[in-house]
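For reference, the structure is listed below as structure tokens.
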Amino acid sequence: MPGHSDRLAGAGLGLRRALLGPLLSGDTPEVDFFEVAPENWIGVGGRLGRQFRELVSQRPLVLHGLSLDIGGIDELDTALVQAVRRLMDDTGASLYTEHLSYCAADGHLYDLLPLPFTAEAVAHVVERVQRVQEIIRAPIALENASYYAQPHAEMTELEFITEVVRRSGCDLLLDVNNVYVNSINHGYTASDFLQALPLDRVRYIHVAGHYDEAPDLKVDTHGTSVIEPVWSLLAEAYQLLGSVPTLLERDFNLPPLAELLREVEHIRRLQAADNVGLMGCAHG
């Protein structure tokens with residue numbers, strides 16, 4: 001079993017099947033770690049399976065799930081979680097992450113939908129997270145999700161995230177693009193929200209692009225390049241946290257690999273700038 005995955009650091013890239021060939025055909029020192037959706041690779045063999053395992057044997061790997069339905073009311077899919085654990089053992093991936101949302105109701109809905117911000121929902125999610133962590137045998141990390149309507153809220157989004165993380169013992173996958181998107185769509189200050197999150201529980205960071213539907217409506221698509229306000233929010237996160245491992249997500253409209261690697265390199269430059277700033281403070 002590979003033993004490199006605990007050394008998560010630097011700048012990573014979301015691994016899509018279309019990228020396997022280009023990544024295997026050239027040297028990519030810009031990429032420090034990969035992330036995959038486990039549902040896309042559980043049970044995959046043949047040529048694709050061999051290519052996948054060859055590539056992820058070279059660098060640390062994290063698993064970012066799409067269908068756990070951590071906040072849903074359908075029975076928890078423990079068979080999926082057990083399969084994820086086996087994939088972790090097979091690839092050396094040491095971290096399993098998911099979305100703080102729900103995606104099923106009497107069957108899969110093929111979308112990530114917002115949970116009610118209520119004490120009852122907190123308790124429900126906490127119980128399910130703890131069951132998952134018993135099977136995984138390690139803390140998982142939940143991503144702060146984008147959402148577009150919230151009809152039932154007894155607490156704020158920030159309070160909801162914090163309660164789930166603190167009470168379940170899970171970690172936080174900080175998506176700075178989702179913070180930015182939600183701040184525009186729901187009228188709050190992204191910087192204030194970022195600073196108030198349970199930052200001591202952040203395992204790594206996501207950065208991605210989104211679609212501008214209107215000046216006051218942003219849609220989290222992962223289908224475009226990262227924009228400057230999101231890069232600035234990422235730089236602010238580094239000021240608060242240090243150079244936390246950060247991954248570029250791009251799910252469709254994939255550009256040439258060289259363009260993606262330029263964005264990965266931009267992450268690295270922001271991390272380096274933060275390290276220089278910290279050294280200056282220490283020497284001052």
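Each chain in the structure tokens gets a letter, A, B, ..., in the order shown, and its residues are numbered from 1; ligands are numbered from 1 in order too.
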
*Select from segment 121-218 of chain A everything DSSP, run on the backbone, classes as helix (DSSP H, G or I), then give the selection as an MDAnalysis selection string.*
chainID A and resid 121:136 157:168 176:186 190:196 199:201

*Which residues, written as a PyMOL selection string, have at least one atom at most 9 Å from Leu194 of chain A, with only C-alpha atoms counted and residues fewer than 2 positions away on the same chain left out?*
chain A and resi 176+179+189-192+196-199+233+236-237

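Excluding Ala138 of chain A itself and same-chain residues fewer than 4 positions from it, the residues having an atom within 8 Å of it are A:Leu95, A:Gln133, A:Glu134, counting only C-alpha atoms.
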
Prev. selection, C-alpha atoms, output as a PDB file, in the first residue's frame:
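The result, stored in selection24.pdb:
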```
ATOM      1  CA  LEU A  95      -8.439  11.505   3.866  1.00  0.00           C
ATOM      2  CA  GLN A 133     -15.876   8.019  10.869  1.00  0.00           C
ATOM      3  CA  GLU A 134     -16.215   4.709  12.702  1.00  0.00           C
TER       4      GLU A 134
END
```

*asked:* Report as an MDAnalysis selection string all protein, DNA and RNA residues lying within 8 Å of segment 44-58 of chain A, evaluated on only C-alpha atoms, omitting residues in the same chain fewer than 3 positions from it.
replied: chainID A and resid 2 20 23:24 34 40:41 61 91

Requested write-out: N, CA, C and O atoms of the selected residues, as a tab-separated table (two decimals), in the first residue's frame:
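The resulting file, again07.tsv, is reproduced below:
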```
chain	number	residue	atom	x	y	z
A	2	PRO	N	0.63	2.23	-0.86
A	2	PRO	CA	1.41	3.47	-0.84
A	2	PRO	C	1.37	4.11	0.52
A	2	PRO	O	0.36	4.08	1.22
A	20	LEU	N	-5.84	12.01	-17.36
A	20	LEU	CA	-4.92	10.90	-17.10
A	20	LEU	C	-3.81	10.85	-18.14
A	20	LEU	O	-2.62	10.80	-17.78
A	23	LEU	N	-1.36	13.92	-18.03
A	23	LEU	CA	-0.55	13.93	-16.81
A	23	LEU	C	0.50	12.82	-16.83
A	23	LEU	O	1.63	13.01	-16.35
A	24	LEU	N	0.16	11.66	-17.39
A	24	LEU	CA	1.11	10.55	-17.44
A	24	LEU	C	2.17	10.75	-18.52
A	24	LEU	O	3.25	10.17	-18.43
A	34	PHE	N	-3.17	14.98	-5.65
A	34	PHE	CA	-4.38	14.84	-6.47
A	34	PHE	C	-5.59	14.59	-5.57
A	34	PHE	O	-5.46	14.12	-4.44
A	40	ASN	N	-16.08	7.49	-8.77
A	40	ASN	CA	-15.63	7.34	-10.15
A	40	ASN	C	-14.55	6.28	-10.33
A	40	ASN	O	-14.21	5.93	-11.48
A	41	TRP	N	-14.01	5.76	-9.21
A	41	TRP	CA	-12.87	4.86	-9.30
A	41	TRP	C	-13.05	3.56	-8.54
A	41	TRP	O	-12.26	2.63	-8.70
A	61	LEU	N	-2.85	11.49	-2.30
A	61	LEU	CA	-4.19	11.46	-2.86
A	61	LEU	C	-5.21	11.67	-1.76
A	61	LEU	O	-5.08	11.12	-0.66
A	91	THR	N	-5.06	2.70	-2.38
A	91	THR	CA	-4.32	3.80	-2.99
A	91	THR	C	-3.42	4.55	-2.02
A	91	THR	O	-2.60	5.36	-2.45
```

Using only C-alpha atoms, what table do you get, as JSON lines, when you list each residue of segment 29-109 of chain A with an atom no more than 12 Å from segment 157-166 of chain A, its nearest pair of atoms, and their distance in Å rounded to one decimal, rows by chain then rising number?
```
{"residue": "A:Ile70", "atom": "CA", "partner": "A:Val164", "partner_atom": "CA", "distance": 11.3}
{"residue": "A:Gly71", "atom": "CA", "partner": "A:Val164", "partner_atom": "CA", "distance": 10.7}
{"residue": "A:His99", "atom": "CA", "partner": "A:Ile161", "partner_atom": "CA", "distance": 11.1}
{"residue": "A:Leu100", "atom": "CA", "partner": "A:Ile161", "partner_atom": "CA", "distance": 8.1}
{"residue": "A:Ser101", "atom": "CA", "partner": "A:Ile161", "partner_atom": "CA", "distance": 10.7}
```

*Which of segment 143-263 of chain A counts as strand (DSSP E) under DSSP, as an MDAnalysis selection string please?*
chainID A and resid 143 171:175 202:207 211:214 217:219 246:248

Mind dumping the selected residues with N, CA and C atoms as a compact mmCIF listing (two decimals), in the first residue's frame?
```
# COMPACT_ATOMS: atom_id res chain seq x y z
N GLU A 143 -17.09 19.82 3.39
CA GLU A 143 -16.92 21.07 2.67
C GLU A 143 -18.11 22.00 2.89
N ASP A 171 -13.40 17.32 10.38
CA ASP A 171 -12.61 18.46 9.96
C ASP A 171 -13.37 19.26 8.91
N LEU A 172 -12.76 20.37 8.47
CA LEU A 172 -13.39 21.26 7.50
C LEU A 172 -12.56 21.31 6.23
N LEU A 173 -13.20 21.05 5.11
CA LEU A 173 -12.63 21.32 3.80
C LEU A 173 -13.13 22.70 3.39
N LEU A 174 -12.26 23.68 3.42
CA LEU A 174 -12.63 25.07 3.19
C LEU A 174 -12.65 25.37 1.70
N ASP A 175 -13.82 25.64 1.15
CA ASP A 175 -13.94 26.03 -0.24
C ASP A 175 -14.10 27.54 -0.30
N VAL A 202 -9.46 23.21 9.63
CA VAL A 202 -9.28 23.14 8.17
C VAL A 202 -8.17 22.16 7.82
N ARG A 203 -8.49 21.16 6.99
CA ARG A 203 -7.50 20.19 6.53
C ARG A 203 -6.86 20.63 5.22
N TYR A 204 -7.66 21.11 4.29
CA TYR A 204 -7.12 21.70 3.07
C TYR A 204 -8.19 22.59 2.45
N ILE A 205 -7.84 23.24 1.34
CA ILE A 205 -8.68 24.27 0.74
C ILE A 205 -9.00 23.90 -0.71
N HIS A 206 -10.21 24.24 -1.14
CA HIS A 206 -10.61 24.19 -2.54
C HIS A 206 -10.67 25.60 -3.11
N VAL A 207 -10.24 25.73 -4.37
CA VAL A 207 -10.44 26.98 -5.11
C VAL A 207 -10.94 26.59 -6.50
N TYR A 211 -19.88 30.69 -12.40
CA TYR A 211 -20.56 31.38 -13.50
C TYR A 211 -21.31 32.59 -12.96
N ASP A 212 -21.16 33.73 -13.66
CA ASP A 212 -21.87 34.96 -13.29
C ASP A 212 -23.21 35.00 -14.00
N GLU A 213 -24.25 34.55 -13.29
CA GLU A 213 -25.60 34.60 -13.84
C GLU A 213 -26.11 36.04 -13.88
N ALA A 214 -25.78 36.81 -12.83
CA ALA A 214 -26.18 38.21 -12.71
C ALA A 214 -25.25 38.85 -11.68
N LEU A 217 -26.01 37.17 -8.51
CA LEU A 217 -26.23 35.73 -8.55
C LEU A 217 -25.04 35.04 -9.21
N LYS A 218 -24.29 34.32 -8.41
CA LYS A 218 -23.16 33.53 -8.88
C LYS A 218 -23.50 32.05 -8.74
N VAL A 219 -23.14 31.24 -9.73
CA VAL A 219 -23.44 29.82 -9.73
C VAL A 219 -22.14 29.04 -9.67
N THR A 246 -3.79 23.35 -0.90
CA THR A 246 -4.91 23.92 -1.66
C THR A 246 -5.01 23.24 -3.01
N LEU A 247 -6.25 22.92 -3.40
CA LEU A 247 -6.49 22.17 -4.63
C LEU A 247 -7.36 22.96 -5.59
N LEU A 248 -6.96 22.95 -6.87
CA LEU A 248 -7.74 23.56 -7.93
C LEU A 248 -8.76 22.55 -8.44
```

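For Pro215 of chain A, the residues within 12 Å (counting only C-alpha atoms, excluding itself and residues fewer than 5 positions away along the chain) are A:Val181, A:Ile184, A:Asn185, A:Gly187.
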
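Interatomic distance, atom CA of Pro114 of chain A to atom CA of Tyr147 of chain A: 5.8 Å.
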
_7 Å contact set for Ser146 of chain A, only C-alpha atoms, chain neighbours under 5 positions out, as a list in words_ = Asn178, Val181, Asn182 and Asp220 of chain A

*What does the distance from atom CA of Arg201 of chain A to atom CA of Arg262 of chain A come to in Å, to one decimal?*
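Distance between the two atoms: 28.6 Å.
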
*If you measure from atom CA of Leu63 of chain A to atom CA of Asp274 of chain A, what distance in Å do you get, rounded to one decimal?*
26.8 Å

*Which of these, A:Glu228, A:Asp216, A:Ile267, A:Asn275, has the shortest distance to Leu241 of chain A once you count only C-alpha atoms?*
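Once distances to Leu241 of chain A are computed over only C-alpha atoms, the minimum belongs to A:Asn275.
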
*Pick out the closest residue to Val129 of chain A from this set: A:Gly169, A:Gly65, A:Gly223, A:Pro116. Count only C-alpha atoms.*
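Closest residue, counting only C-alpha atoms: A:Gly169.
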